[in-house]
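Source file: data-v8.tsv (TSV, C-alpha atoms)
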chain	number	residue	atom	x	y	z
A	1	MET	CA	-8.84	13.64	12.64
A	2	GLN	CA	-7.58	11.82	15.72
A	3	GLU	CA	-9.38	8.70	16.82
A	4	ALA	CA	-9.00	6.64	19.96
A	5	ASP	CA	-6.81	3.56	19.93
A	6	THR	CA	-8.98	0.49	19.48
A	7	GLN	CA	-6.84	-2.49	20.41
A	8	GLY	CA	-4.87	-4.31	17.86
A	9	VAL	CA	-3.23	-4.05	14.48
A	10	ALA	CA	-4.06	-6.12	11.42
A	11	VAL	CA	-1.16	-6.73	9.07
A	12	ILE	CA	-2.23	-6.98	5.43
A	13	ILE	CA	0.23	-8.44	2.93
A	14	PRO	CA	-0.64	-8.31	-0.79
A	15	ALA	CA	1.32	-11.09	-2.49
A	16	LYS	CA	1.86	-12.52	-5.94
A	17	ASP	CA	4.25	-15.39	-6.60
A	18	GLU	CA	6.14	-14.92	-3.33
A	19	ALA	CA	6.23	-18.53	-2.13
A	20	ASP	CA	9.94	-18.27	-1.42
A	21	ARG	CA	9.63	-15.32	1.00
A	22	ILE	CA	6.06	-15.15	2.25
A	23	ALA	CA	6.51	-17.55	5.20
A	24	ALA	CA	9.42	-15.52	6.59
A	25	THR	CA	7.44	-12.31	6.10
A	26	VAL	CA	4.38	-13.69	7.90
A	27	LYS	CA	6.38	-15.08	10.81
A	28	ALA	CA	8.28	-11.80	11.22
A	29	ALA	CA	5.02	-9.80	11.10
A	30	GLN	CA	3.64	-11.95	13.91
A	31	GLU	CA	6.37	-10.55	16.16
A	32	LEU	CA	5.17	-6.95	15.79
A	33	PRO	CA	3.67	-5.40	18.94
A	34	GLY	CA	-0.13	-5.39	18.79
A	35	ALA	CA	-0.28	-7.43	15.57
A	36	ASP	CA	-3.00	-9.94	16.41
A	37	LEU	CA	-4.11	-10.67	12.85
A	38	ILE	CA	-2.11	-11.36	9.66
A	39	VAL	CA	-4.00	-11.39	6.36
A	40	VAL	CA	-2.28	-12.38	3.13
A	41	VAL	CA	-4.06	-11.55	-0.12
A	42	ASP	CA	-2.87	-14.01	-2.75
A	43	ASP	CA	-3.35	-11.90	-5.87
A	44	GLY	CA	-3.63	-14.62	-8.49
A	45	SER	CA	-0.31	-16.34	-7.79
A	46	SER	CA	0.83	-19.19	-10.02
A	47	ASP	CA	2.95	-20.72	-7.24
A	48	ARG	CA	2.15	-21.88	-3.68
A	49	THR	CA	2.09	-18.41	-2.09
A	50	GLY	CA	-1.34	-18.94	-0.53
A	51	PRO	CA	-0.78	-22.38	1.03
A	52	VAL	CA	2.68	-21.41	2.29
A	53	ALA	CA	1.26	-18.26	3.91
A	54	ALA	CA	-1.52	-20.27	5.56
A	55	GLN	CA	0.98	-22.79	6.91
A	56	ALA	CA	2.94	-19.89	8.41
A	57	GLY	CA	-0.15	-18.76	10.35
A	58	ALA	CA	-1.79	-16.14	8.12
A	59	ARG	CA	-5.43	-15.84	7.16
A	60	VAL	CA	-5.39	-16.11	3.35
A	61	VAL	CA	-7.78	-14.54	0.85
A	62	ARG	CA	-7.24	-15.41	-2.79
A	63	HIS	CA	-8.01	-13.61	-6.03
A	64	ALA	CA	-8.65	-16.09	-8.83
A	65	ARG	CA	-6.76	-13.78	-11.19
A	66	ASN	CA	-4.26	-11.01	-10.70
A	67	ARG	CA	-6.15	-7.79	-9.95
A	68	GLY	CA	-3.31	-5.51	-8.91
A	69	LYS	CA	-2.00	-4.08	-5.67
A	70	GLY	CA	-4.78	-1.56	-5.05
A	71	ALA	CA	-7.45	-4.24	-5.36
A	72	ALA	CA	-5.46	-6.59	-3.11
A	73	MET	CA	-5.24	-3.90	-0.43
A	74	GLU	CA	-8.99	-3.31	-0.59
A	75	THR	CA	-9.69	-7.05	-0.37
A	76	GLY	CA	-7.42	-7.41	2.65
A	77	ALA	CA	-9.00	-4.44	4.42
A	78	GLU	CA	-12.48	-5.81	3.78
A	79	ALA	CA	-11.46	-9.19	5.20
A	80	VAL	CA	-10.26	-7.42	8.35
A	81	ARG	CA	-13.52	-5.48	8.55
A	82	LEU	CA	-15.51	-8.72	8.54
A	83	LEU	CA	-13.25	-10.24	11.19
A	84	ASP	CA	-13.62	-7.07	13.29
A	85	GLU	CA	-17.39	-7.46	13.58
A	86	GLY	CA	-18.32	-7.68	17.24
A	87	ARG	CA	-15.17	-5.91	18.43
A	88	ASP	CA	-15.32	-2.67	20.41
A	89	GLY	CA	-13.56	-0.88	17.57
A	90	PRO	CA	-11.71	-1.57	14.32
A	91	ARG	CA	-8.08	-2.60	14.14
A	92	HIS	CA	-5.50	-0.30	12.63
A	93	LEU	CA	-4.20	-1.51	9.27
A	94	LEU	CA	-0.50	-2.13	8.58
A	95	PHE	CA	0.34	-2.87	4.95
A	96	LEU	CA	3.59	-4.72	4.25
A	97	ASP	CA	5.15	-6.02	1.04
A	98	ALA	CA	5.38	-9.79	0.75
A	99	ASP	CA	9.11	-9.86	0.02
A	100	LEU	CA	10.30	-8.19	3.24
A	101	ALA	CA	11.09	-11.60	4.75
A	102	GLY	CA	12.64	-11.33	8.22
A	103	THR	CA	12.97	-7.55	8.10
A	104	ALA	CA	9.17	-7.26	8.49
A	105	ALA	CA	9.77	-7.56	12.24
A	106	ASP	CA	11.36	-4.09	12.13
A	107	ALA	CA	8.12	-2.37	11.06
A	108	ALA	CA	7.09	-1.52	14.64
A	109	PRO	CA	8.07	2.19	14.36
A	110	LEU	CA	5.38	2.57	11.69
A	111	VAL	CA	2.68	1.48	14.12
A	112	ALA	CA	3.66	3.53	17.16
A	113	PRO	CA	2.57	7.01	15.94
A	114	VAL	CA	-0.80	5.65	14.81
A	115	LEU	CA	-1.41	3.86	18.11
A	116	ALA	CA	-0.45	7.04	19.96
A	117	GLY	CA	-2.88	9.15	17.93
A	118	GLU	CA	-0.04	11.25	16.50
A	119	ALA	CA	-0.61	10.31	12.83
A	120	ASP	CA	-3.44	8.96	10.69
A	121	MET	CA	-1.04	7.33	8.23
A	122	THR	CA	2.65	6.58	8.47
A	123	ILE	CA	4.87	5.81	5.47
A	124	ALA	CA	8.16	3.95	5.75
A	125	ALA	CA	11.40	5.58	4.73
A	126	PHE	CA	13.93	2.78	4.46
A	127	SER	CA	17.10	3.65	6.39
A	128	SER	CA	19.10	1.16	4.31
A	129	THR	CA	18.55	1.26	0.58
A	130	VAL	CA	19.26	-1.33	-2.06
A	131	LYS	CA	20.63	-0.44	-5.46
A	132	LEU	CA	17.76	-0.48	-7.92
A	133	GLY	CA	18.01	-1.35	-11.58
A	134	GLY	CA	16.03	1.68	-12.70
A	135	HIS	CA	16.83	5.37	-12.79
A	136	GLY	CA	14.22	6.66	-10.35
A	137	PHE	CA	11.94	8.16	-13.00
A	138	VAL	CA	8.80	6.62	-11.48
A	139	VAL	CA	9.78	7.87	-8.02
A	140	ARG	CA	10.29	11.38	-9.40
A	141	LEU	CA	6.96	11.25	-11.20
A	142	SER	CA	5.17	10.32	-7.97
A	143	ARG	CA	7.09	12.73	-5.74
A	144	ASP	CA	6.58	15.68	-8.09
A	145	GLY	CA	2.89	14.85	-8.51
A	146	ILE	CA	2.29	14.66	-4.76
A	147	ARG	CA	4.08	17.97	-4.25
A	148	ARG	CA	2.03	19.69	-6.95
A	149	ALA	CA	-1.21	18.31	-5.54
A	150	THR	CA	-0.58	18.90	-1.84
A	151	GLY	CA	2.64	20.85	-1.27
A	152	TRP	CA	4.06	17.89	0.70
A	153	GLU	CA	7.50	16.49	-0.19
A	154	ALA	CA	7.69	12.71	0.14
A	155	THR	CA	11.04	10.99	0.64
A	156	GLN	CA	9.94	7.58	-0.65
A	157	PRO	CA	6.51	8.18	-2.23
A	158	LEU	CA	6.14	4.66	-3.62
A	159	ASN	CA	6.89	2.87	-0.37
A	160	GLY	CA	4.15	0.34	0.31
A	161	GLN	CA	4.88	-0.12	4.01
A	162	ARG	CA	2.15	1.99	5.64
A	163	CYS	CA	0.06	2.00	8.80
A	164	LEU	CA	-3.36	3.65	8.76
A	165	THR	CA	-6.32	4.10	11.01
A	166	ARG	CA	-9.46	2.45	9.69
A	167	ALA	CA	-11.04	5.90	9.33
A	168	ALA	CA	-8.17	7.09	7.14
A	169	PHE	CA	-8.30	4.01	4.95
A	170	ASP	CA	-12.06	4.28	4.45
A	171	ALA	CA	-11.73	7.97	3.57
A	172	ALA	CA	-9.37	7.07	0.72
A	173	LEU	CA	-11.69	4.55	-0.97
A	174	PRO	CA	-11.78	3.65	-3.76
A	175	LEU	CA	-8.02	3.24	-3.98
A	176	ALA	CA	-6.10	4.03	-7.13
A	177	ALA	CA	-5.54	1.01	-9.36
A	178	GLY	CA	-2.40	-1.09	-9.43
A	179	PHE	CA	0.92	0.55	-8.59
A	180	GLY	CA	-0.71	3.98	-8.43
A	181	VAL	CA	-2.20	3.13	-5.06
A	182	GLU	CA	0.51	4.70	-2.86
A	183	THR	CA	0.55	7.95	-4.82
A	184	GLY	CA	-3.23	8.26	-4.82
A	185	LEU	CA	-3.51	7.31	-1.14
A	186	THR	CA	-1.07	10.00	-0.07
A	187	ILE	CA	-2.72	12.74	-2.13
A	188	ASP	CA	-6.26	11.84	-1.12
A	189	LEU	CA	-5.56	11.73	2.62
A	190	LEU	CA	-3.52	14.94	2.67
A	191	ARG	CA	-6.25	16.76	0.75
A	192	LYS	CA	-8.82	15.57	3.29
A	193	GLY	CA	-6.81	16.86	6.22
A	194	PHE	CA	-5.44	13.59	7.57
A	195	ARG	CA	-2.02	13.65	9.20
A	196	VAL	CA	0.65	11.82	7.21
A	197	ALA	CA	4.17	11.20	8.54
A	198	GLU	CA	7.22	9.41	7.22
A	199	VAL	CA	9.06	7.13	9.66
A	200	GLU	CA	12.55	5.77	9.16
A	201	VAL	CA	12.67	1.98	9.48
A	202	PRO	CA	15.40	-0.63	8.80
A	203	LEU	CA	13.32	-2.64	6.34
A	204	ALA	CA	14.54	-4.01	3.03
A	205	HIS	CA	12.93	-5.80	0.11
A	206	ARG	CA	14.13	-7.46	-3.06
A	207	ALA	CA	15.81	-5.07	-5.50
A	208	THR	CA	14.43	-4.84	-9.01
A	209	GLY	CA	16.84	-5.87	-11.74
A	210	THR	CA	17.58	-4.66	-15.23
A	211	ASP	CA	16.20	-7.50	-17.36
A	212	TRP	CA	13.14	-7.17	-19.58
A	213	ARG	CA	10.79	-8.29	-16.81
A	214	ALA	CA	12.07	-5.56	-14.50
A	215	GLN	CA	11.77	-2.97	-17.25
A	216	LEU	CA	8.20	-4.11	-17.94
A	217	HIS	CA	7.43	-3.82	-14.23
A	218	ARG	CA	8.71	-0.24	-14.15
A	219	GLY	CA	6.69	0.55	-17.25
A	220	ARG	CA	3.53	-0.64	-15.48
A	221	GLN	CA	4.45	1.38	-12.41
A	222	PHE	CA	4.87	4.51	-14.51
A	223	ARG	CA	1.53	3.94	-16.24
A	224	ASP	CA	-0.37	3.39	-12.99
A	225	VAL	CA	1.23	6.34	-11.18
A	226	ALA	CA	0.55	8.60	-14.17
A	227	ARG	CA	-3.10	7.54	-14.19
A	228	ALA	CA	-3.45	8.12	-10.45
A	229	LEU	CA	-2.02	11.61	-10.84
A	230	ALA	CA	-4.09	12.43	-13.91
A	231	VAL	CA	-7.45	11.83	-12.27
A	232	ARG	CA	-6.36	13.93	-9.28
A	233	GLU	CA	-5.47	16.97	-11.35
A	234	PRO	CA	-8.40	19.41	-10.87
A	235	VAL	CA	-9.02	19.96	-14.58
A	236	VAL	CA	-8.88	16.26	-15.43
A	237	ALA	CA	-11.04	15.32	-12.44
A	238	GLU	CA	-13.66	17.88	-13.44
A	239	ARG	CA	-13.83	16.57	-16.99
A	240	LEU	CA	-14.11	12.97	-15.78
A	241	ALA	CA	-16.98	13.97	-13.50
A	242	ARG	CA	-18.78	15.60	-16.42
A	243	LEU	CA	-18.32	12.50	-18.57
A	244	ARG	CA	-19.69	10.26	-15.82
A	245	GLY	CA	-22.69	12.61	-15.48
A	246	ARG	CA	-23.47	12.35	-19.17
A	247	ARG	CA	-23.40	8.57	-19.11
A	248	ARG	CA	-26.07	8.36	-16.40
Would you kindly transcribe this structure into structure tokens?
Amino acid sequence: MQEADTQGVAVIIPAKDEADRIAATVKAAQELPGADLIVVVDDGSSDRTGPVAAQAGARVVRHARNRGKGAAMETGAEAVRLLDEGRDGPRHLLFLDADLAGTAADAAPLVAPVLAGEADMTIAAFSSTVKLGGHGFVVRLSRDGIRRATGWEATQPLNGQRCLTRAAFDAALPLAAGFGVETGLTIDLLRKGFRVAEVEVPLAHRATGTDWRAQLHRGRQFRDVARALAVREPVVAERLARLRGRRR
């Protein structure tokens, strides 16, 4: 599934209520080799995430309401597609979390294998970890589901820092909803024969806490990952296809 390098990398940053970190993330992303376009998708923020990102030099696309990470990634990729019209070929897509701040400049190792044609998608494996407030149950759910579906063992299956060729991204559409997007993306591309590789990088983002908001966040993650896995189980997928057929 190798494709020729086609000049340039677009960095897509889904963001919600990240006004305190988004400028540092955008400025650090601008330092990445080959990154000639930074797109921030303001996913219904209630703060000044969008204006701050624009002031930092990003192209900003805004959702009027929060639509979730998967939808934000699709919106960002579509914005890049429109900006790529007239180019000799599409940019590669590098997805970064909005809260990486200055460490976003260390994402270059994710891009190199894709530019070299050695991988269709790279996934970050953080070399330095932060202590999380949870117990890893969502990570285990995703890792075990990916292994059952594909036989591949992911180190950090929920890591959102990923670089893809445009062909790989398009092959995975539509993306799984919400926080199930990483799990679904990995399964779908591996099943279609695309080459997926994990790359160790010294990135770091904000740790989740233990308060009720953090617990609610993990609950939503668990729900979205479970849904992404359910529709990719052969029996469940077959039944869903039958139901859709009856409704037509």
Select all residues near (6.8, -1.6, -1.5) (cut-off 12 Å, inclusive, file coordinates), counting all atoms listed in the file, and output them as a PyMOL selection string. chain A and resi 13-15+69+95-100+104+123-126+139+156-162+179-183+203-208+221
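Going from atom CA of A:Arg59 over to atom CA of A:Ala172, you cover 24.1 Å.
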Any idea what's packed within 8 Å of stretch 64-68 of chain A, counting only C-alpha atoms, ignoring anything in its chain fewer than 5 positions away? Could you give it as a ChimeraX atom specification? /A:16,43-45,177-179
Between A:Pro174, A:Pro51, A:Gly86, A:Gly117, smallest distance to A:Ala71 by all atoms listed in the file belongs to A:Pro174
Of the listed residues A:Gln55, A:Thr155, A:Thr103, A:Gln30, that which approaches A:Ile12 most closely, counting only C-alpha atoms: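 The shortest atom-to-atom distance to A:Ile12 comes from A:Gln30.
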Distance in Å - atom CA of A:Glu31 versus atom CA of A:Ser46: 28.1 Å
Check the smallest atom-to-atom distance from each of A:Gly184, A:Trp152, A:Leu32, A:Ala176 to A:Ala72 using all atoms listed in the file, then report the winner. A:Ala176
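Comparing the minimum interatomic distances between A:Pro90 and each of A:Glu78, A:Asp47, A:Asp144, A:Glu198, counting only C-alpha atoms, we find that A:Glu78 sits nearest.
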